[in-house]
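This is input.txt. It holds compact mmCIF, C-alpha atoms.
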```txt
# COMPACT_ATOMS: atom_id res chain seq x y z
CA MET A 73 -38.81 -8.72 -26.53
CA LYS A 74 -36.08 -6.30 -25.54
CA ARG A 75 -35.66 -7.92 -22.15
CA GLY A 76 -35.31 -11.34 -23.78
CA LEU A 77 -32.69 -9.98 -26.14
CA ILE A 78 -30.71 -8.57 -23.22
CA LEU A 79 -30.91 -11.88 -21.37
CA LEU A 80 -29.86 -13.79 -24.50
CA THR A 81 -26.85 -11.53 -25.04
CA PHE A 82 -25.88 -11.89 -21.40
CA ALA A 83 -26.19 -15.68 -21.57
CA ILE A 84 -24.04 -15.85 -24.71
CA LEU A 85 -21.35 -13.62 -23.18
CA ALA A 86 -21.32 -15.52 -19.86
CA GLY A 87 -21.23 -18.85 -21.66
CA GLY A 88 -18.32 -17.71 -23.82
CA LEU A 89 -16.48 -16.50 -20.76
CA LEU A 90 -16.99 -19.85 -18.99
CA LEU A 91 -16.13 -21.85 -22.12
CA ILE A 92 -12.52 -20.66 -22.23
CA PRO A 93 -11.45 -22.03 -18.80
CA ALA A 94 -13.56 -25.18 -19.44
CA LEU A 95 -11.48 -25.98 -22.53
CA LEU A 96 -8.18 -25.75 -20.64
CA ASP A 97 -6.79 -28.75 -18.82
CA PHE A 98 -7.35 -28.58 -15.09
CA GLY A 99 -4.30 -28.50 -12.85
CA VAL A 100 -1.79 -27.90 -15.64
CA PRO A 101 -0.58 -24.30 -15.42
CA ALA A 102 1.19 -22.70 -18.32
CA PHE A 103 4.89 -23.48 -18.27
CA SER A 104 7.14 -20.52 -17.62
CA ASP A 105 10.90 -20.29 -17.27
CA MET A 106 10.71 -17.21 -15.08
CA ASP A 107 9.20 -18.79 -11.94
CA ASP A 108 11.88 -21.49 -11.88
CA TYR A 109 14.51 -18.79 -12.31
CA PHE A 110 13.09 -16.75 -9.43
CA LEU A 111 12.83 -19.78 -7.15
CA SER A 112 16.36 -21.02 -7.80
CA ASN A 113 18.19 -17.68 -7.94
CA GLY A 114 16.05 -15.22 -5.97
CA GLN A 115 17.46 -15.96 -2.51
CA GLU A 116 21.03 -15.79 -3.73
CA GLN A 117 20.67 -12.61 -5.79
CA THR A 118 18.43 -10.48 -3.55
CA ALA A 119 19.07 -12.13 -0.13
CA ALA A 120 15.33 -11.93 0.56
CA ASN A 121 13.47 -14.96 1.88
CA ASN A 122 10.13 -13.70 0.55
CA ILE A 123 10.34 -14.32 -3.19
CA VAL A 124 7.14 -12.36 -3.84
CA THR A 125 8.67 -9.25 -2.27
CA ALA A 126 11.90 -9.88 -4.16
CA VAL A 127 9.97 -9.94 -7.45
CA VAL A 128 7.82 -6.93 -6.60
CA PHE A 129 10.55 -4.66 -5.25
CA ASP A 130 13.64 -5.86 -7.08
CA TYR A 131 13.04 -7.70 -10.35
CA ARG A 132 9.88 -5.75 -11.20
CA GLY A 133 10.78 -2.50 -9.47
CA PHE A 134 9.48 -0.28 -12.25
CA ASP A 135 5.98 -1.71 -11.87
CA THR A 136 6.03 -0.90 -8.17
CA LEU A 137 7.22 2.61 -8.93
CA GLY A 138 4.27 3.03 -11.30
CA GLU A 139 1.92 1.67 -8.65
CA SER A 140 3.20 4.20 -6.10
CA VAL A 141 2.82 7.03 -8.59
CA VAL A 142 -0.77 5.91 -9.32
CA LEU A 143 -1.58 6.05 -5.59
CA PHE A 144 0.08 9.46 -5.30
CA THR A 145 -1.93 10.76 -8.27
CA ALA A 146 -5.15 9.42 -6.74
CA VAL A 147 -4.48 11.25 -3.48
CA VAL A 148 -3.64 14.45 -5.34
CA GLY A 149 -6.91 14.15 -7.26
CA VAL A 150 -8.97 13.62 -4.11
CA GLY A 151 -7.19 16.54 -2.47
CA LEU A 152 -7.93 18.82 -5.42
CA MET A 153 -11.61 17.90 -5.52
CA PHE A 154 -12.25 18.20 -1.80
CA ARG A 155 -10.13 21.30 -1.32
CA ARG A 156 -12.54 23.20 -3.56
CA MET A 157 -15.52 21.87 -1.59
CA LEU A 158 -14.11 22.68 1.85
CA LYS A 159 -12.45 25.91 0.83
CA GLU A 160 -14.45 28.30 3.02
CA GLU A 161 -13.75 26.85 6.46
CA GLU A 162 -10.60 24.85 6.18
CA TYR A 163 -8.28 26.54 3.79
CA GLU A 164 -6.11 27.98 6.58
CA ASP A 165 -5.53 24.59 8.21
CA GLU A 166 -4.15 22.99 5.08
CA MET B 81 -21.17 13.09 15.01
CA ARG B 82 -19.66 10.84 17.67
CA MET B 83 -20.51 7.22 18.22
CA SER B 84 -21.30 5.79 21.66
CA LYS B 85 -18.75 5.64 24.46
CA LEU B 86 -18.25 1.88 24.02
CA VAL B 87 -17.29 2.29 20.38
CA ARG B 88 -15.00 5.21 21.16
CA THR B 89 -13.19 3.32 23.93
CA GLY B 90 -12.87 0.27 21.69
CA ALA B 91 -11.40 2.38 18.91
CA ASP B 92 -8.92 3.95 21.33
CA LEU B 93 -7.86 0.50 22.50
CA LEU B 94 -7.57 -0.93 18.98
CA TYR B 95 -5.62 1.95 17.45
CA PRO B 96 -2.15 1.20 18.96
CA PHE B 97 -2.46 -2.49 18.13
CA ALA B 98 -3.39 -1.73 14.52
CA LEU B 99 -0.44 0.67 14.37
CA ILE B 100 2.02 -1.89 15.75
CA PHE B 101 0.70 -4.71 13.56
CA GLY B 102 0.91 -2.55 10.43
CA LEU B 103 4.45 -1.47 11.24
CA TYR B 104 5.40 -5.10 11.86
CA ILE B 105 4.04 -6.07 8.43
CA ILE B 106 5.99 -3.22 6.81
CA LEU B 107 9.28 -3.99 8.56
CA HIS B 108 9.11 -7.76 7.96
CA GLY B 109 8.07 -7.38 4.33
CA HIS B 110 11.08 -9.30 3.03
CA LEU B 111 10.53 -12.23 5.43
CA THR B 112 6.80 -12.79 5.87
CA PRO B 113 3.76 -12.34 3.62
CA GLY B 114 2.86 -8.70 3.26
CA GLY B 115 4.96 -5.66 2.60
CA GLY B 116 4.73 -1.94 2.25
CA PHE B 117 1.33 -1.71 0.58
CA GLN B 118 -0.41 -4.13 2.92
CA GLY B 119 1.17 -2.78 6.10
CA GLY B 120 0.39 0.80 5.14
CA ALA B 121 -3.21 -0.19 4.49
CA VAL B 122 -3.41 -1.80 7.97
CA VAL B 123 -2.10 1.36 9.63
CA ALA B 124 -4.55 3.49 7.65
CA THR B 125 -7.34 1.15 8.78
CA GLY B 126 -6.38 1.88 12.39
CA ALA B 127 -6.70 5.59 11.66
CA ALA B 128 -10.05 4.92 9.97
CA ILE B 129 -11.41 3.24 13.14
CA VAL B 130 -10.56 6.30 15.22
CA ILE B 131 -11.91 8.77 12.66
CA VAL B 132 -15.22 6.91 12.33
CA ALA B 133 -15.70 6.43 16.08
CA TRP B 134 -14.91 10.04 16.99
CA ALA B 135 -16.10 13.11 15.17
CA TYR B 136 -13.79 14.47 12.49
CA GLU B 137 -13.24 17.67 14.48
CA ASP B 138 -11.91 15.65 17.43
CA VAL B 139 -9.19 13.85 15.50
CA ALA B 140 -8.32 16.69 13.10
CA GLY B 141 -5.77 18.00 15.59
CA MET B 142 -4.06 14.62 16.10
CA ILE B 143 -4.14 13.07 12.63
CA ARG B 144 -3.40 16.13 10.54
CA LYS B 145 -3.74 16.39 6.78
CA VAL B 146 -0.53 18.39 6.43
CA THR B 147 1.51 15.71 8.20
CA MET B 148 -0.05 12.92 6.20
CA LYS B 149 0.51 14.70 2.88
CA ALA B 150 4.14 15.38 3.77
CA GLN B 151 4.51 11.74 4.81
CA GLU B 152 3.13 10.56 1.48
CA SER B 153 5.46 12.75 -0.56
CA ALA B 154 8.41 11.77 1.64
CA GLY B 155 7.62 8.09 1.12
CA LEU B 156 7.56 8.42 -2.66
CA LEU B 157 10.78 10.45 -2.63
CA LEU B 158 12.48 7.88 -0.38
CA PHE B 159 11.36 5.11 -2.74
CA ILE B 160 12.76 6.86 -5.80
CA GLY B 161 15.88 7.75 -3.83
CA ALA B 162 16.47 4.13 -2.83
CA ALA B 163 16.06 3.14 -6.47
CA ALA B 164 18.38 5.92 -7.65
CA LEU B 165 21.02 4.94 -5.08
CA ALA B 166 22.33 2.39 -7.58
CA LEU B 167 22.67 5.10 -10.26
CA GLY B 168 25.10 7.04 -8.06
CA LEU B 169 27.25 3.94 -7.59
CA GLY B 170 27.40 3.13 -11.28
CA TYR B 171 24.75 0.42 -11.60
CA ALA B 172 21.39 0.33 -13.37
CA PHE B 173 18.30 2.00 -11.89
CA PHE B 174 16.65 -0.28 -9.25
CA TYR B 175 19.77 -2.47 -8.92
CA ASN B 176 19.97 -3.95 -5.40
CA VAL B 177 23.34 -2.53 -4.36
CA LEU B 178 23.05 -3.29 -0.63
CA ALA B 179 22.23 -7.01 -0.98
CA ASN B 180 25.05 -9.37 0.11
CA SER B 181 27.29 -6.37 0.74
CA GLY B 182 27.75 -6.88 4.48
CA SER B 183 26.66 -3.34 5.39
CA LEU B 184 23.11 -2.15 6.23
CA PHE B 185 20.61 -4.95 5.44
CA GLY B 186 23.52 -6.72 3.78
CA LEU B 187 23.66 -10.25 5.22
CA SER B 188 23.30 -13.25 2.89
CA VAL B 189 20.74 -16.03 3.28
CA PRO B 190 21.34 -19.73 2.55
CA PHE B 191 19.41 -21.41 -0.24
CA GLY B 192 16.18 -23.18 0.73
CA PRO B 193 13.83 -22.83 3.68
CA ASN B 194 15.38 -21.06 6.66
CA PRO B 195 14.10 -19.02 9.62
CA GLY B 196 15.25 -15.76 8.09
CA GLU B 197 17.15 -12.75 9.39
CA LEU B 198 15.85 -9.19 9.58
CA ASN B 199 19.17 -7.68 8.48
CA THR B 200 19.03 -9.03 4.91
CA ALA B 201 17.71 -8.21 1.43
CA GLY B 202 19.53 -4.94 0.70
CA VAL B 203 17.35 -2.06 -0.48
CA ILE B 204 14.14 -4.13 -0.36
CA PRO B 205 13.39 -3.28 3.34
CA ILE B 206 14.14 0.38 2.65
CA MET B 207 11.69 0.36 -0.28
CA ASN B 208 9.15 -1.47 1.88
CA ILE B 209 9.41 1.22 4.56
CA ALA B 210 9.16 3.95 1.92
CA VAL B 211 6.07 2.44 0.29
CA GLY B 212 4.57 1.78 3.73
CA ILE B 213 4.99 5.41 4.74
CA GLU B 214 3.50 6.50 1.42
CA VAL B 215 0.44 4.23 1.58
CA TRP B 216 -0.13 5.13 5.25
CA GLY B 217 -0.14 8.85 4.45
CA GLY B 218 -2.07 8.57 1.20
CA LEU B 219 -4.91 6.38 2.42
CA THR B 220 -5.24 8.42 5.63
CA VAL B 221 -5.48 11.64 3.63
CA ILE B 222 -8.22 10.13 1.44
CA LEU B 223 -10.10 8.92 4.54
CA LEU B 224 -9.78 12.31 6.24
CA TYR B 225 -11.13 14.12 3.18
CA LEU B 226 -14.02 11.69 2.63
CA LEU B 227 -15.08 11.51 6.28
CA SER B 228 -14.81 15.25 6.87
CA GLY B 229 -17.22 15.82 3.98
CA LEU B 230 -19.57 13.16 5.38
CA ASN B 231 -19.77 14.73 8.83
CA LYS B 232 -20.43 18.19 7.46
CA LYS B 233 -23.27 16.89 5.31
CA GLU B 234 -24.95 15.27 8.30
CA GLU B 235 -24.69 18.38 10.41
CA GLY B 236 -26.28 20.50 7.71
CA SER B 237 -29.24 18.24 7.03
```

Could you show the structure in this file as structure tokens?
Amino acid sequence: MKRGLILLTFAILAGGLLLIPALLDFGVPAFSDMDDYFLSNGQEQTAANNIVTAVVFDYRGFDTLGESVVLFTAVVGVGLMFRRMLKEEEYEDE
Amino acid sequence: MRMSKLVRTGADLLYPFALIFGLYIILHGHLTPGGGFQGGAVVATGAAIVIVAWAYEDVAGMIRKVTMKAQESAGLLLFIGAAALALGLGYAFFYNVLANSGSLFGLSVPFGPNPGELNTAGVIPIMNIAVGIEVWGGLTVILLYLLSGLNKKEEGS
């Protein structure tokens, strides 16, 4: 009974998830002004041939800064956790 | 816990190539697919091969945590510094001041497909190098911490 309920819920959720892309037209991406802007002006404004890098490091620089800070925070967290574990032997090497 | 001699020799042979390939991806980030994050991850993978093949105690003297932590902080500071360079010159934060300026990384590119020139794209290569240094140091520090704990656990059991 409980197992069947779980399977039913899972089937409904998976079906709902698959229904959304099935209703969209295939091969017709959402129209956006920004990609045309990047393609036509990116090389002139940033002088970078790789438009993806131009978007990531120039137009959307704040996102990349946040990404770097997230990585930095992750490393600081790992360092804090493991420093306590390895404190006895290795504290002098740090 | 060391692996066999074949694995260790293979890791020693692979390490410089992984290093050079990662640095190539970082430096050509504004021309080819890839960039700072991907190139830094490749370099850290090279370090991971060596750390897994040898025991942690063998590589602890060569790939040091202090160096890698300093490298990570320096990368983040260089990234913020390259972004704040525009503030000092009177532009908005993250403005690409060096692009098309004729100085360092300052050449222009024509519109459309072209072979590309390394000396272009302004502050984007500098930010790529900064992020590459940061990811290299950060991922290597995480690997060193995780694998040092692993080896100690196996010795104790």

Problem set entry | Using all atoms listed in the file: which of B:Gly126, B:Gly90, B:Gly155, B:Gly141 has the shortest distance to Ala210 in chain B | B:Gly155

Problem set entry | Nearest-residue call for chain A, choices B:Ile213, B:Val189, B:Leu107, B:Ala154, using only C-alpha atoms | B:Val189

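Nearest residue to chain B, choosing from A:Leu137, A:Ala120, A:Leu152, A:Met106 and counting only C-alpha atoms: A:Ala120.
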
Problem set entry | Nearest to Ala201 in chain B, chosen from A:Leu90, A:Ile123, A:Leu80, A:Leu143, with all atoms listed in the file counted in the distances | A:Ile123

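Nearest to chain B of all the residues A:Ala119, A:Leu111, A:Leu89, A:Val142 is A:Ala119, based on all atoms listed in the file.
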
Which residues of chain A have any atom within 7 Å of an atom in chain B when counting only C-alpha atoms, and what is the closest pair of atoms for each, with the distance in Å to one decimal? Order the rows by chain and rising number and write it as a tab-separated table.
```
residue	atom	partner	partner_atom	distance
A:Gln115	CA	B:Phe191	CA	6.2
A:Glu116	CA	B:Phe191	CA	6.8
A:Thr118	CA	B:Ala201	CA	5.5
A:Ala119	CA	B:Ala201	CA	4.4
A:Ala120	CA	B:Ala201	CA	4.5
A:Asn121	CA	B:Leu111	CA	5.4
A:Asn122	CA	B:Leu111	CA	5.1
A:Thr125	CA	B:His110	CA	5.8
A:Phe129	CA	B:Ile204	CA	6.1
A:Asp130	CA	B:Phe174	CA	6.7
A:Gly133	CA	B:Phe174	CA	6.3
A:Ser140	CA	B:Leu156	CA	7.0
A:Phe144	CA	B:Gly218	CA	6.9
A:Val147	CA	B:Gly218	CA	5.9
A:Val150	CA	B:Ile222	CA	6.6
A:Phe154	CA	B:Tyr225	CA	6.5
A:Glu166	CA	B:Val146	CA	6.0
```

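Our summary of the geometry notes that CA of Ile143 in chain B is positioned 24.9 Å from CA of Glu139 in chain A.
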
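We find CA of Leu227 in chain B and CA of Glu137 in chain B to be spaced 10.4 Å apart.
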
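Note that CA of Met83 in chain B and CA of Tyr104 in chain B are 29.4 Å apart.
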
Reconstructed range 137-154 of chain A, atom set N, CA, C and O atoms, as a short mmCIF file (atom, residue, chain, number, x, y, z; two decimals), keeping the file's coordinate frame:
```cif
data_model
loop_
_atom_site.label_atom_id
_atom_site.label_comp_id
_atom_site.auth_asym_id
_atom_site.auth_seq_id
_atom_site.Cartn_x
_atom_site.Cartn_y
_atom_site.Cartn_z
N LEU A 137 7.12 1.15 -8.85
CA LEU A 137 7.22 2.61 -8.93
C LEU A 137 5.97 3.20 -9.58
O LEU A 137 5.40 4.18 -9.09
N GLY A 138 5.50 2.56 -10.67
CA GLY A 138 4.27 3.03 -11.30
C GLY A 138 3.07 2.94 -10.37
O GLY A 138 2.23 3.84 -10.34
N GLU A 139 3.03 1.85 -9.59
CA GLU A 139 1.92 1.67 -8.65
C GLU A 139 1.92 2.79 -7.61
O GLU A 139 0.87 3.36 -7.28
N SER A 140 3.12 3.12 -7.09
CA SER A 140 3.20 4.20 -6.10
C SER A 140 2.77 5.52 -6.70
O SER A 140 2.07 6.31 -6.05
N VAL A 141 3.18 5.76 -7.95
CA VAL A 141 2.82 7.03 -8.59
C VAL A 141 1.31 7.10 -8.83
O VAL A 141 0.69 8.16 -8.69
N VAL A 142 0.69 5.94 -9.15
CA VAL A 142 -0.77 5.91 -9.32
C VAL A 142 -1.46 6.29 -8.02
O VAL A 142 -2.41 7.09 -8.00
N LEU A 143 -0.98 5.72 -6.89
CA LEU A 143 -1.58 6.05 -5.59
C LEU A 143 -1.40 7.53 -5.28
O LEU A 143 -2.33 8.20 -4.82
N PHE A 144 -0.19 8.04 -5.55
CA PHE A 144 0.08 9.46 -5.30
C PHE A 144 -0.86 10.34 -6.13
O PHE A 144 -1.43 11.32 -5.62
N THR A 145 -1.04 9.97 -7.41
CA THR A 145 -1.93 10.76 -8.27
C THR A 145 -3.37 10.71 -7.77
O THR A 145 -4.08 11.72 -7.82
N ALA A 146 -3.79 9.53 -7.27
CA ALA A 146 -5.15 9.42 -6.74
C ALA A 146 -5.35 10.34 -5.55
O ALA A 146 -6.38 11.04 -5.43
N VAL A 147 -4.35 10.38 -4.66
CA VAL A 147 -4.48 11.25 -3.48
C VAL A 147 -4.49 12.71 -3.89
O VAL A 147 -5.25 13.52 -3.34
N VAL A 148 -3.65 13.06 -4.87
CA VAL A 148 -3.64 14.45 -5.34
C VAL A 148 -5.00 14.82 -5.94
O VAL A 148 -5.52 15.91 -5.70
N GLY A 149 -5.60 13.87 -6.69
CA GLY A 149 -6.91 14.15 -7.26
C GLY A 149 -7.98 14.35 -6.21
O GLY A 149 -8.77 15.30 -6.28
N VAL A 150 -7.99 13.47 -5.19
CA VAL A 150 -8.97 13.62 -4.11
C VAL A 150 -8.76 14.95 -3.39
O VAL A 150 -9.71 15.67 -3.08
N GLY A 151 -7.48 15.28 -3.14
CA GLY A 151 -7.19 16.54 -2.47
C GLY A 151 -7.67 17.74 -3.27
O GLY A 151 -8.25 18.68 -2.70
N LEU A 152 -7.48 17.70 -4.59
CA LEU A 152 -7.93 18.82 -5.42
C LEU A 152 -9.44 18.96 -5.38
O LEU A 152 -9.97 20.07 -5.22
N MET A 153 -10.15 17.83 -5.50
CA MET A 153 -11.61 17.90 -5.52
C MET A 153 -12.17 18.42 -4.21
O MET A 153 -13.03 19.29 -4.17
N PHE A 154 -11.66 17.86 -3.09
CA PHE A 154 -12.25 18.20 -1.80
C PHE A 154 -11.78 19.56 -1.31
O PHE A 154 -12.47 20.20 -0.53
#
```
